[in-house]
>>> print(open('data.cif').read())   # mmCIF, C-alpha atoms
data_structure
loop_
_atom_site.label_atom_id
_atom_site.label_comp_id
_atom_site.auth_asym_id
_atom_site.auth_seq_id
_atom_site.Cartn_x
_atom_site.Cartn_y
_atom_site.Cartn_z
CA MET Y 1 -27.49 -29.86 5.81
CA ILE Y 2 -26.57 -26.60 4.08
CA ALA Y 3 -26.00 -27.04 0.36
CA ILE Y 4 -23.50 -24.72 -1.31
CA VAL Y 5 -24.24 -24.49 -5.02
CA ASP Y 6 -21.19 -25.46 -7.05
CA TYR Y 7 -21.37 -23.94 -10.53
CA GLY Y 8 -17.71 -23.38 -11.21
CA VAL Y 9 -17.60 -19.80 -9.98
CA GLY Y 10 -15.18 -18.82 -7.27
CA ASN Y 11 -13.41 -20.39 -4.41
CA LEU Y 12 -15.61 -22.21 -1.94
CA PHE Y 13 -12.89 -23.19 0.53
CA SER Y 14 -13.50 -20.33 2.99
CA LEU Y 15 -17.26 -20.56 2.83
CA SER Y 16 -17.39 -24.27 3.57
CA SER Y 17 -14.65 -23.92 6.21
CA SER Y 18 -16.54 -21.16 7.99
CA LEU Y 19 -19.74 -23.23 8.13
CA LYS Y 20 -17.75 -26.21 9.39
CA ALA Y 21 -16.14 -24.03 12.03
CA LEU Y 22 -19.67 -23.24 13.23
CA GLY Y 23 -20.31 -26.98 13.54
CA LEU Y 24 -22.70 -26.99 10.58
CA GLU Y 25 -23.01 -29.82 8.12
CA THR Y 26 -22.39 -28.60 4.58
CA GLU Y 27 -22.06 -30.00 1.13
CA VAL Y 28 -20.69 -28.34 -1.97
CA THR Y 29 -22.88 -29.75 -4.72
CA ARG Y 30 -24.36 -29.42 -8.18
CA GLY Y 31 -26.80 -32.27 -7.62
CA ALA Y 32 -30.50 -31.39 -7.92
CA GLU Y 33 -31.45 -34.07 -5.38
CA LYS Y 34 -28.93 -32.74 -2.87
CA LEU Y 35 -30.38 -29.26 -3.24
CA ARG Y 36 -33.89 -30.60 -2.74
CA ALA Y 37 -32.82 -32.56 0.34
CA ALA Y 38 -30.91 -29.66 1.93
CA ASP Y 39 -32.35 -27.61 4.81
CA ARG Y 40 -30.82 -24.46 3.39
CA ILE Y 41 -29.09 -23.35 0.22
CA ILE Y 42 -26.25 -20.90 -0.28
CA LEU Y 43 -25.51 -19.47 -3.72
CA PRO Y 44 -21.93 -18.12 -3.70
CA GLY Y 45 -20.10 -16.41 -6.54
CA VAL Y 46 -17.31 -14.13 -7.65
CA GLY Y 47 -16.60 -12.76 -11.10
CA ALA Y 48 -18.86 -11.08 -13.65
CA PHE Y 49 -22.67 -11.24 -13.67
CA GLY Y 50 -23.27 -12.45 -17.23
CA ASP Y 51 -20.57 -15.09 -17.17
CA ALA Y 52 -21.72 -16.44 -13.80
CA LYS Y 53 -25.38 -16.51 -14.86
CA ALA Y 54 -24.42 -18.42 -18.02
CA LYS Y 55 -22.52 -20.95 -15.93
CA LEU Y 56 -25.45 -21.31 -13.56
CA ASP Y 57 -27.79 -21.81 -16.53
CA ASP Y 58 -25.44 -24.49 -17.87
CA THR Y 59 -25.84 -26.56 -14.71
CA GLY Y 60 -29.56 -26.85 -15.43
CA LEU Y 61 -30.19 -26.12 -11.74
CA VAL Y 62 -32.04 -22.82 -12.14
CA PRO Y 63 -35.58 -24.34 -12.06
CA VAL Y 64 -34.62 -26.36 -8.96
CA LEU Y 65 -33.21 -23.27 -7.24
CA LEU Y 66 -36.32 -21.24 -8.04
CA GLU Y 67 -38.54 -23.97 -6.57
CA GLU Y 68 -36.42 -24.55 -3.48
CA ALA Y 69 -36.14 -20.82 -2.78
CA GLU Y 70 -39.85 -20.87 -1.99
CA ARG Y 71 -39.47 -23.72 0.49
CA LYS Y 72 -36.33 -23.12 2.51
CA PRO Y 73 -33.93 -20.39 3.58
CA PHE Y 74 -31.80 -19.38 0.62
CA LEU Y 75 -28.77 -17.09 0.81
CA GLY Y 76 -26.89 -15.46 -2.05
CA ILE Y 77 -23.42 -14.12 -1.25
CA CYS Y 78 -21.60 -11.39 -3.22
CA LEU Y 79 -22.17 -12.16 -6.91
CA GLY Y 80 -24.56 -14.86 -5.67
CA MET Y 81 -26.65 -12.07 -4.15
CA GLN Y 82 -26.50 -10.02 -7.34
CA LEU Y 83 -27.82 -12.97 -9.34
CA LEU Y 84 -30.97 -12.95 -7.18
CA PHE Y 85 -32.12 -9.70 -8.81
CA ASP Y 86 -34.09 -9.14 -12.00
CA ARG Y 87 -31.27 -7.77 -14.11
CA GLY Y 88 -27.55 -7.07 -14.14
CA PHE Y 89 -25.66 -4.59 -16.30
CA GLU Y 90 -22.08 -5.86 -16.11
CA TYR Y 91 -20.70 -6.20 -19.67
CA GLY Y 92 -24.17 -5.87 -21.23
CA GLU Y 93 -27.64 -6.51 -19.87
CA HIS Y 94 -28.36 -9.93 -18.41
CA ALA Y 95 -31.40 -11.47 -16.78
CA GLY Y 96 -30.96 -12.58 -13.18
CA LEU Y 97 -33.01 -15.10 -11.19
CA GLY Y 98 -35.75 -12.59 -10.41
CA LEU Y 99 -36.03 -13.71 -6.79
CA VAL Y 100 -35.57 -10.17 -5.46
CA PRO Y 101 -36.91 -7.10 -7.32
CA GLY Y 102 -34.20 -4.69 -8.41
CA GLN Y 103 -31.21 -4.35 -10.68
CA VAL Y 104 -27.45 -4.55 -10.43
CA VAL Y 105 -25.55 -1.57 -11.83
CA ASP Y 106 -22.04 -0.12 -12.00
CA LEU Y 107 -21.12 1.54 -8.72
CA ARG Y 108 -18.83 3.91 -10.61
CA GLY Y 109 -21.82 5.37 -12.47
CA ASP Y 110 -23.49 6.52 -9.24
CA LEU Y 111 -20.46 7.80 -7.32
CA GLU Y 112 -20.17 11.58 -7.38
CA ASP Y 113 -16.64 11.57 -6.00
CA GLN Y 114 -14.61 10.02 -8.79
CA THR Y 115 -11.52 9.80 -6.59
CA LEU Y 116 -13.21 7.01 -4.62
CA LYS Y 117 -11.74 3.70 -5.64
CA VAL Y 118 -13.73 1.01 -7.40
CA PRO Y 119 -13.90 -1.91 -6.63
CA HIS Y 120 -15.36 -1.02 -3.26
CA MET Y 121 -12.92 -3.27 -1.44
CA GLY Y 122 -12.37 -3.60 2.27
CA TRP Y 123 -14.21 -3.30 5.57
CA ASN Y 124 -17.28 -1.10 5.70
CA SER Y 125 -19.81 -0.58 8.45
CA LEU Y 126 -23.22 -2.17 7.85
CA GLN Y 127 -26.12 -0.01 8.97
CA ILE Y 128 -29.22 -2.03 9.70
CA VAL Y 129 -32.17 -0.55 7.82
CA LYS Y 130 -34.76 -3.15 8.78
CA ASP Y 131 -34.49 -5.56 11.67
CA ASP Y 132 -34.44 -9.20 10.68
CA PRO Y 133 -33.69 -12.62 12.21
CA LEU Y 134 -30.53 -12.63 10.05
CA PHE Y 135 -29.21 -9.95 12.45
CA LYS Y 136 -30.01 -11.97 15.57
CA TYR Y 137 -26.32 -12.00 16.61
CA PHE Y 138 -25.19 -8.95 14.63
CA LYS Y 139 -24.87 -5.43 16.00
CA ASP Y 140 -25.84 -2.36 14.00
CA GLY Y 141 -22.75 -0.72 12.52
CA GLU Y 142 -20.44 -3.71 12.67
CA TYR Y 143 -17.86 -3.93 9.88
CA VAL Y 144 -18.14 -6.45 7.07
CA TYR Y 145 -15.82 -7.25 4.17
CA TYR Y 146 -16.75 -6.18 0.64
CA VAL Y 147 -15.15 -6.74 -2.76
CA HIS Y 148 -17.30 -5.62 -5.70
CA SER Y 149 -17.69 -3.06 -8.49
CA PHE Y 150 -21.43 -3.42 -9.17
CA TYR Y 151 -24.21 -3.02 -6.64
CA ALA Y 152 -27.94 -3.64 -6.29
CA LYS Y 153 -30.34 -0.71 -6.50
CA ASP Y 154 -34.07 -0.01 -6.86
CA CYS Y 155 -34.58 -2.58 -4.14
CA ALA Y 156 -35.56 -0.42 -1.15
CA ALA Y 157 -38.45 -2.69 -0.16
CA SER Y 158 -36.07 -5.64 0.25
CA THR Y 159 -33.07 -3.86 1.76
CA LEU Y 160 -32.12 -4.96 5.28
CA GLY Y 161 -28.80 -3.16 5.55
CA ALA Y 162 -26.53 -0.78 3.67
CA SER Y 163 -23.02 0.65 3.81
CA ARG Y 164 -22.09 4.22 2.97
CA TYR Y 165 -19.55 4.78 0.20
CA GLY Y 166 -19.31 8.42 -0.82
CA ASN Y 167 -22.82 9.52 -1.78
CA VAL Y 168 -23.98 5.94 -2.39
CA ALA Y 169 -25.79 3.72 0.11
CA VAL Y 170 -24.37 0.39 -1.04
CA THR Y 171 -26.98 -2.35 -0.64
CA GLY Y 172 -25.37 -4.72 1.84
CA ALA Y 173 -28.10 -7.18 2.80
CA VAL Y 174 -31.52 -7.94 1.31
CA ARG Y 175 -34.47 -10.21 1.93
CA ASN Y 176 -37.51 -11.18 -0.06
CA GLY Y 177 -39.51 -13.96 1.64
CA ASN Y 178 -37.24 -16.98 2.06
CA VAL Y 179 -34.49 -15.42 0.06
CA TRP Y 180 -31.66 -13.47 1.69
CA GLY Y 181 -28.60 -11.95 0.13
CA THR Y 182 -25.41 -10.26 1.30
CA GLN Y 183 -23.20 -8.21 -0.98
CA PHE Y 184 -20.34 -8.57 1.51
CA HIS Y 185 -18.60 -11.84 2.32
CA PRO Y 186 -19.75 -13.12 5.74
CA GLU Y 187 -17.15 -15.89 5.45
CA LYS Y 188 -14.44 -13.20 5.31
CA SER Y 189 -15.94 -10.80 7.84
CA GLY Y 190 -14.36 -12.22 10.97
CA ASP Y 191 -16.56 -12.93 13.99
CA ALA Y 192 -19.33 -10.60 12.82
CA GLY Y 193 -19.64 -12.62 9.61
CA LEU Y 194 -19.64 -15.95 11.42
CA ARG Y 195 -22.44 -14.72 13.68
CA LEU Y 196 -24.46 -13.79 10.63
CA LEU Y 197 -23.97 -17.25 9.13
CA ARG Y 198 -24.98 -18.80 12.44
CA ALA Y 199 -28.20 -16.77 12.37
CA PHE Y 200 -28.84 -17.94 8.80
CA ALA Y 201 -28.41 -21.55 9.93
CA GLU Y 202 -31.06 -20.97 12.61
CA LEU Y 203 -33.65 -19.37 10.35
CA MET D 1 -16.95 4.60 4.40
CA LEU D 2 -14.21 2.03 4.10
CA ALA D 3 -12.03 1.59 7.13
CA LYS D 4 -8.28 1.89 6.72
CA ARG D 5 -6.70 -1.55 7.06
CA ILE D 6 -3.97 -2.77 9.39
CA ILE D 7 -2.19 -5.79 7.98
CA PRO D 8 0.41 -7.93 9.69
CA CYS D 9 2.71 -9.71 7.31
CA LEU D 10 4.14 -13.14 8.01
CA ASP D 11 7.24 -14.22 6.12
CA VAL D 12 7.29 -17.99 6.28
CA LYS D 13 10.40 -20.10 5.77
CA ASP D 14 10.44 -23.84 6.37
CA GLY D 15 7.19 -23.60 8.29
CA ARG D 16 8.29 -20.79 10.61
CA VAL D 17 7.69 -17.04 10.62
CA VAL D 18 10.82 -14.97 10.14
CA LYS D 19 11.50 -11.28 9.67
CA GLY D 20 14.72 -9.64 8.74
CA THR D 21 15.99 -6.11 8.68
CA ASN D 22 16.76 -4.74 5.22
CA PHE D 23 16.02 -8.26 3.94
CA GLU D 24 19.10 -9.72 5.59
CA GLY D 25 19.84 -11.58 8.82
CA LEU D 26 16.51 -13.34 9.32
CA ARG D 27 15.48 -14.06 12.88
CA ASP D 28 13.18 -16.97 13.70
CA MET D 29 10.01 -15.79 15.38
CA ALA D 30 7.11 -18.23 15.70
CA ASP D 31 4.55 -20.69 14.47
CA PRO D 32 2.46 -19.22 11.63
CA VAL D 33 -0.86 -20.83 12.59
CA GLU D 34 -0.52 -19.71 16.19
CA MET D 35 0.41 -16.22 15.06
CA ALA D 36 -2.53 -16.07 12.64
CA HIS D 37 -4.87 -16.88 15.54
CA PHE D 38 -3.24 -14.23 17.66
CA TYR D 39 -3.69 -11.61 14.94
CA ASN D 40 -7.26 -12.64 14.21
CA THR D 41 -8.26 -12.01 17.81
CA SER D 42 -6.21 -8.84 18.07
CA GLY D 43 -8.02 -7.01 15.28
CA ALA D 44 -5.93 -7.54 12.14
CA ASP D 45 -8.01 -6.64 9.08
CA GLU D 46 -6.22 -8.99 6.77
CA LEU D 47 -3.18 -11.28 6.84
CA VAL D 48 -0.39 -11.49 4.32
CA PHE D 49 1.75 -14.59 4.05
CA TYR D 50 4.94 -14.61 2.04
CA ASP D 51 6.46 -17.96 1.28
CA ILE D 52 10.18 -17.29 1.26
CA THR D 53 11.16 -20.94 1.02
CA ALA D 54 13.11 -22.15 -1.96
CA SER D 55 12.78 -25.92 -1.49
CA VAL D 56 9.93 -28.19 -2.58
CA GLU D 57 9.56 -29.54 0.99
CA GLY D 58 9.31 -26.00 2.30
CA ARG D 59 6.68 -25.17 -0.30
CA ASN D 60 4.54 -28.16 0.70
CA LEU D 61 4.91 -27.22 4.33
CA PHE D 62 3.73 -23.73 3.40
CA THR D 63 0.58 -24.88 1.61
CA ASP D 64 -0.27 -27.12 4.59
CA ILE D 65 0.07 -24.13 6.89
CA LEU D 66 -2.02 -21.98 4.58
CA ARG D 67 -4.78 -24.58 4.49
CA ARG D 68 -4.82 -24.75 8.29
CA VAL D 69 -4.90 -20.98 8.68
CA ALA D 70 -7.64 -20.60 6.04
CA SER D 71 -9.84 -23.23 7.64
CA GLU D 72 -9.67 -21.57 11.05
CA ILE D 73 -9.47 -17.85 10.36
CA PHE D 74 -12.11 -15.90 8.47
CA ILE D 75 -10.57 -12.64 7.38
CA PRO D 76 -8.99 -11.99 3.97
CA LEU D 77 -5.72 -13.81 3.33
CA THR D 78 -3.17 -12.68 0.77
CA VAL D 79 -0.41 -15.02 -0.27
CA GLY D 80 2.80 -14.28 -2.10
CA GLY D 81 6.26 -15.64 -2.66
CA GLY D 82 7.38 -17.72 -5.62
CA ILE D 83 4.25 -16.99 -7.68
CA ARG D 84 5.24 -17.30 -11.35
CA THR D 85 2.49 -19.14 -13.18
CA LEU D 86 -1.28 -19.62 -13.18
CA ASP D 87 -0.63 -23.00 -11.59
CA ASP D 88 0.96 -21.18 -8.66
CA PHE D 89 -2.17 -19.01 -8.35
CA ASP D 90 -4.29 -22.11 -8.47
CA ARG D 91 -2.24 -23.92 -5.84
CA VAL D 92 -2.60 -21.20 -3.18
CA LEU D 93 -6.20 -20.27 -4.03
CA LYS D 94 -7.21 -23.90 -3.52
CA CYS D 95 -5.62 -23.77 -0.08
CA GLY D 96 -7.81 -20.83 0.91
CA ALA D 97 -5.98 -17.68 -0.21
CA ASP D 98 -8.28 -14.84 -1.29
CA LYS D 99 -5.68 -12.76 -3.06
CA VAL D 100 -2.36 -13.65 -4.58
CA SER D 101 0.55 -11.30 -4.76
CA VAL D 102 3.10 -11.37 -7.56
CA ASN D 103 6.45 -9.65 -7.51
CA SER D 104 9.53 -11.11 -9.25
CA GLY D 105 7.28 -13.52 -11.14
CA ALA D 106 5.54 -10.59 -12.83
CA ILE D 107 8.88 -8.94 -13.65
CA ALA D 108 10.06 -12.16 -15.32
CA ASP D 109 6.75 -12.52 -17.16
CA PRO D 110 4.45 -9.48 -17.04
CA SER D 111 1.68 -11.37 -18.88
CA ILE D 112 0.94 -13.29 -15.66
CA ILE D 113 -0.89 -10.21 -14.30
CA GLY D 114 -3.40 -10.04 -17.13
CA ALA D 115 -3.81 -13.80 -17.36
CA ALA D 116 -4.51 -14.13 -13.63
CA ALA D 117 -6.86 -11.13 -13.59
CA LYS D 118 -8.84 -12.60 -16.45
CA LYS D 119 -9.10 -15.99 -14.78
CA TYR D 120 -9.64 -15.00 -11.15
CA GLY D 121 -10.71 -11.35 -11.31
CA ASP D 122 -8.77 -8.13 -10.68
CA GLN D 123 -9.57 -8.25 -6.98
CA CYS D 124 -7.52 -11.40 -6.68
CA VAL D 125 -4.30 -10.05 -8.18
CA VAL D 126 -2.02 -7.99 -5.96
CA LEU D 127 1.07 -6.44 -7.49
CA SER D 128 3.78 -6.30 -4.87
CA MET D 129 6.81 -4.18 -5.60
CA ASP D 130 10.13 -3.51 -3.91
CA VAL D 131 11.26 0.00 -4.72
CA LYS D 132 14.40 1.98 -4.01
CA ARG D 133 15.67 5.40 -5.04
CA VAL D 134 18.45 5.15 -7.61
CA ASP D 135 19.79 8.24 -9.40
CA GLY D 136 16.76 10.31 -8.45
CA GLN D 137 14.36 7.71 -9.81
CA PHE D 138 12.05 5.25 -8.07
CA ARG D 139 13.54 2.03 -9.32
CA LEU D 140 11.90 -1.40 -9.31
CA PHE D 141 13.91 -4.16 -7.67
CA ALA D 142 13.52 -7.91 -8.13
CA LYS D 143 14.44 -11.02 -6.16
CA GLY D 144 13.56 -9.79 -2.69
CA GLY D 145 15.18 -6.42 -3.25
CA ARG D 146 18.55 -7.73 -4.37
CA GLU D 147 18.41 -6.94 -8.09
CA ASP D 148 17.94 -3.56 -9.75
CA THR D 149 15.75 -4.12 -12.80
CA GLY D 150 16.42 -0.66 -14.23
CA ILE D 151 12.63 -0.26 -14.59
CA ASP D 152 10.85 2.90 -13.40
CA ALA D 153 8.68 1.64 -10.54
CA MET D 154 5.84 4.10 -11.10
CA ASP D 155 5.55 3.18 -14.79
CA TRP D 156 5.63 -0.46 -13.76
CA ALA D 157 2.76 0.06 -11.33
CA ALA D 158 0.66 1.90 -13.91
CA ARG D 159 1.24 -0.88 -16.44
CA GLY D 160 0.37 -3.51 -13.84
CA VAL D 161 -2.92 -1.81 -12.99
CA ALA D 162 -3.77 -1.39 -16.68
CA ALA D 163 -3.16 -5.14 -17.09
CA GLY D 164 -5.52 -5.99 -14.23
CA ALA D 165 -3.73 -5.76 -10.87
CA GLY D 166 -6.43 -4.88 -8.33
CA GLU D 167 -4.21 -3.69 -5.51
CA ILE D 168 -0.60 -2.67 -4.97
CA VAL D 169 1.73 -3.38 -2.08
CA LEU D 170 4.49 -0.80 -2.16
CA ASN D 171 7.49 -1.81 -0.15
CA SER D 172 10.13 0.87 0.13
CA ILE D 173 13.56 -0.69 0.43
CA ASP D 174 14.83 2.69 1.60
CA THR D 175 12.67 2.63 4.72
CA ASP D 176 12.25 -1.12 5.24
CA GLY D 177 13.41 -2.30 8.64
CA VAL D 178 14.64 1.14 9.63
CA LYS D 179 11.52 1.97 11.67
CA THR D 180 11.60 5.71 10.99
CA GLY D 181 8.19 5.82 9.30
CA PHE D 182 6.62 4.88 5.99
CA ASP D 183 7.99 6.26 2.73
CA LEU D 184 5.34 8.94 2.27
CA GLU D 185 6.98 10.62 -0.69
CA MET D 186 7.09 7.34 -2.60
CA LEU D 187 3.51 6.51 -1.62
CA ASP D 188 2.19 9.89 -2.74
CA GLU D 189 3.89 9.46 -6.08
CA LEU D 190 2.27 6.05 -6.51
CA ALA D 191 -1.16 7.36 -5.44
CA SER D 192 -0.95 9.99 -8.14
CA ARG D 193 -0.36 7.29 -10.76
CA VAL D 194 -2.85 4.53 -9.95
CA SER D 195 -6.45 4.33 -8.77
CA VAL D 196 -6.44 0.91 -7.09
CA PRO D 197 -5.99 0.41 -3.33
CA ILE D 198 -2.44 0.96 -2.06
CA ILE D 199 -0.93 -0.95 0.82
CA ALA D 200 2.07 0.79 2.38
CA SER D 201 4.93 -1.38 3.55
CA GLY D 202 8.33 -0.70 5.03
CA GLY D 203 9.28 1.63 7.82
CA ALA D 204 6.62 1.37 10.53
CA GLY D 205 8.28 1.84 13.90
CA ASN D 206 5.52 3.13 16.14
CA MET D 207 1.84 4.11 16.28
CA GLU D 208 2.55 7.68 15.25
CA HIS D 209 3.91 6.43 11.92
CA PHE D 210 0.52 4.93 11.10
CA ALA D 211 -1.29 8.12 12.09
CA GLU D 212 1.00 10.04 9.74
CA LEU D 213 0.48 7.44 7.00
CA PHE D 214 -3.29 7.77 7.04
CA THR D 215 -3.22 11.54 6.65
CA HIS D 216 -2.31 10.62 3.06
CA PRO D 217 -5.71 9.84 1.54
CA GLY D 218 -4.33 7.74 -1.33
CA VAL D 219 -3.17 5.07 1.10
CA ASP D 220 -5.65 2.36 2.07
CA ALA D 221 -3.68 0.11 4.37
CA GLY D 222 -0.52 -0.15 6.42
CA LEU D 223 1.45 -3.36 6.48
CA ALA D 224 4.14 -4.30 8.97
CA ALA D 225 5.81 -7.36 10.41
CA SER D 226 8.40 -7.06 13.13
CA ILE D 227 6.74 -4.36 15.22
CA PHE D 228 3.62 -6.52 15.44
CA HIS D 229 5.45 -9.83 15.87
CA SER D 230 7.57 -8.43 18.67
CA LYS D 231 4.41 -6.94 20.24
CA GLN D 232 6.10 -3.58 20.26
CA VAL D 233 2.86 -2.30 18.76
CA ASP D 234 -0.41 -3.95 19.75
CA ILE D 235 -2.94 -3.86 16.90
CA LYS D 236 -5.97 -3.31 19.14
CA GLU D 237 -4.29 -0.42 20.86
CA LEU D 238 -3.08 0.96 17.52
CA LYS D 239 -6.62 0.90 16.12
CA ARG D 240 -8.05 2.70 19.14
CA PHE D 241 -5.25 5.26 18.87
CA LEU D 242 -5.95 5.84 15.17
CA ARG D 243 -9.71 6.06 15.66
CA ALA D 244 -9.16 8.71 18.32
CA ARG D 245 -7.15 10.58 15.67
CA GLY D 246 -10.14 10.49 13.34
CA VAL D 247 -9.05 7.56 11.16
CA GLU D 248 -11.89 5.15 10.35
CA MET D 249 -11.02 1.79 11.88
CA ARG D 250 -12.82 -1.52 12.27
CA ILE D 251 -12.76 -2.15 16.01
#
>>> encode(input="data.cif", output="structure tokens")
Amino acid sequence: MIAIVDYGVGNLFSLSSSLKALGLETEVTRGAEKLRAADRIILPGVGAFGDAKAKLDDTGLVPVLLEEAERKPFLGICLGMQLLFDRGFEYGEHAGLGLVPGQVVDLRGDLEDQTLKVPHMGWNSLQIVKDDPLFKYFKDGEYVYYVHSFYAKDCAASTLGASRYGNVAVTGAVRNGNVWGTQFHPEKSGDAGLRLLRAFAEL
Amino acid sequence: MLAKRIIPCLDVKDGRVVKGTNFEGLRDMADPVEMAHFYNTSGADELVFYDITASVEGRNLFTDILRRVASEIFIPLTVGGGIRTLDDFDRVLKCGADKVSVNSGAIADPSIIGAAAKKYGDQCVVLSMDVKRVDGQFRLFAKGGREDTGIDAMDWAARGVAAGAGEIVLNSIDTDGVKTGFDLEMLDELASRVSVPIIASGGAGNMEHFAELFTHPGVDAGLAASIFHSKQVDIKELKRFLRARGVEMRI
């Protein structure tokens, strides 16, 4: 069973539907026992870093997630990926989960071409930087769907894939041990995204 | 870099997809779920559903359809039509919409834009506007293009973005349904006023019109209905055509 962490952030309809469409058993939960019993865990999320981290802290699940991330495949999606890092700088500085080294900063601050729109929203091509079982069914350069204004940096050692936006290589996918993350939404990235989720379910 | 987006739009009334010309004389076209599947496999980058039903039964039928589409198709879905309150946002988001577009509802109560952006994030709020030239001014129209609000459309867009709208759909009433090309002058004016993504709507008649559209760098996406529904333009073919012209496309 794949547990999707429910901490009151974002819409989980598409994510659970996409896993169901792949024939995978899923449960949207905030139960510690359910997370311990799951084969895999997905941490979703939309919104702002600090607010989401506070909500996650309020569930009391953080210690459980940190333990389980050492035992089973764990995937953070979008803001859920950003929370994996050490720190985030959206509306002030906030501590993340520290599961992947790096920090999450304003994309606007690093873009040289100020005519480029932020949020970085739409389909961008993901260039594979490091081969990984997550890409078992994914082809280098396929397009994935992004919606975000902050991005992860100082995480070269963990970066699996990136997308070019102006002068910035936007961190698209990361891995540190059992912990994976995608800045884009695989559940909104058409067939390419579904194939990535299938690979995650087979890890 | 980001690919330019091609977006088919499905106007849904009483559970069926319809598309009129100049907003009048609707013609029944097909089943929305079936059409969504068709577009998903033919390369659409996003789908827009407008609920143009007035009745409660029609509205329930619409949310059922939305739920079915969202549980089977995994590309971004934008939903509009009859969105007036945060409860309306909630209702369609729970059925699987990713973005919600407001039009007349925001004209009646502009505070809905800010309230929704605060609750669901800017990326979720799409400001859709019907615009027509009146006395040398780009004028905002309400109620499906039937009512002149007297408001300057470009000021309206700038205010909407300042309040939190994350994207704008600009539908030119002057070019809608006429199939002589997008309203490039109107789009350029909008692009000079706002910095959020702009979706062009109204006027697409052939593939060349899209090629022309994307030479305007301020435009992020092209939206059309009848030319796709009638299969006069095939999205896969259109995307290959545009890529050959140097436009970045997800293929």
>>> residues_around(input="data.cif", residues="Gly10 of chain Y", least_positions_apart="3", cutoff="10 Å", atoms="only C-alpha atoms", output="PyMOL selection string")
(chain Y and resi 6-7+13+44-47+52+79) or (chain D and resi 93+98+120-121)
>>> closest_residue(input="data.cif", among="D:Ala157, D:Ala108, D:Ile75, D:Ile65", to="chain Y", atoms="only C-alpha atoms")
D:Ile75
>>> atom_distance(input="data.cif", atom1="atom CA of His120 of chain Y", atom2="atom CA of Asp122 of chain D")
12.2 Å
>>> resolve_selection(input="data.cif", expression="the PyMOL selection byres ((chain Y) within 10 of (chain D))", output="VMD selection string")
chain Y and resid 9 to 21 46 to 48 114 to 126 141 to 149 163 to 169 185 to 194
>>> atom_distance(input="data.cif", atom1="atom CA of Arg16 of chain D", atom2="atom CA of Asp31 of chain D")
5.4 Å
>>> residues_around(input="data.cif", residues="segment 84-91 of chain Y", least_positions_apart="4", cutoff="12 Å", atoms="only C-alpha atoms", output="JSON, numbers by chain")
{"Y": [42, 43, 44, 45, 47, 48, 49, 50, 51, 52, 53, 56, 62, 65, 66, 69, 74, 75, 76, 77, 78, 79, 80, 95, 96, 97, 98, 99, 100, 101, 102, 103, 104, 105, 106, 107, 108, 109, 148, 149, 150, 151, 152, 153, 154, 155, 158, 173, 174, 175, 176, 178, 179, 180, 181, 182, 183]}
>>> decode(input="data.cif", residues="segment 199-213 of chain D", atoms="C-alpha atoms", output="compact mmCIF listing (two decimals), in the first residue's frame")
# COMPACT_ATOMS: atom_id res chain seq x y z
CA ILE D 199 -3.91 32.23 -22.62
CA ALA D 200 -5.22 33.53 -25.95
CA SER D 201 -8.77 32.67 -26.88
CA GLY D 202 -11.03 33.56 -29.76
CA GLY D 203 -10.32 33.50 -33.44
CA ALA D 204 -8.28 30.38 -34.20
CA GLY D 205 -9.23 29.11 -37.64
CA ASN D 206 -6.19 27.19 -38.81
CA MET D 207 -2.66 26.10 -37.88
CA GLU D 208 -1.10 29.25 -39.29
CA HIS D 209 -3.03 31.32 -36.74
CA PHE D 210 -1.25 29.49 -33.92
CA ALA D 211 2.14 29.97 -35.56
CA GLU D 212 1.41 33.69 -35.80
CA LEU D 213 0.18 33.75 -32.18
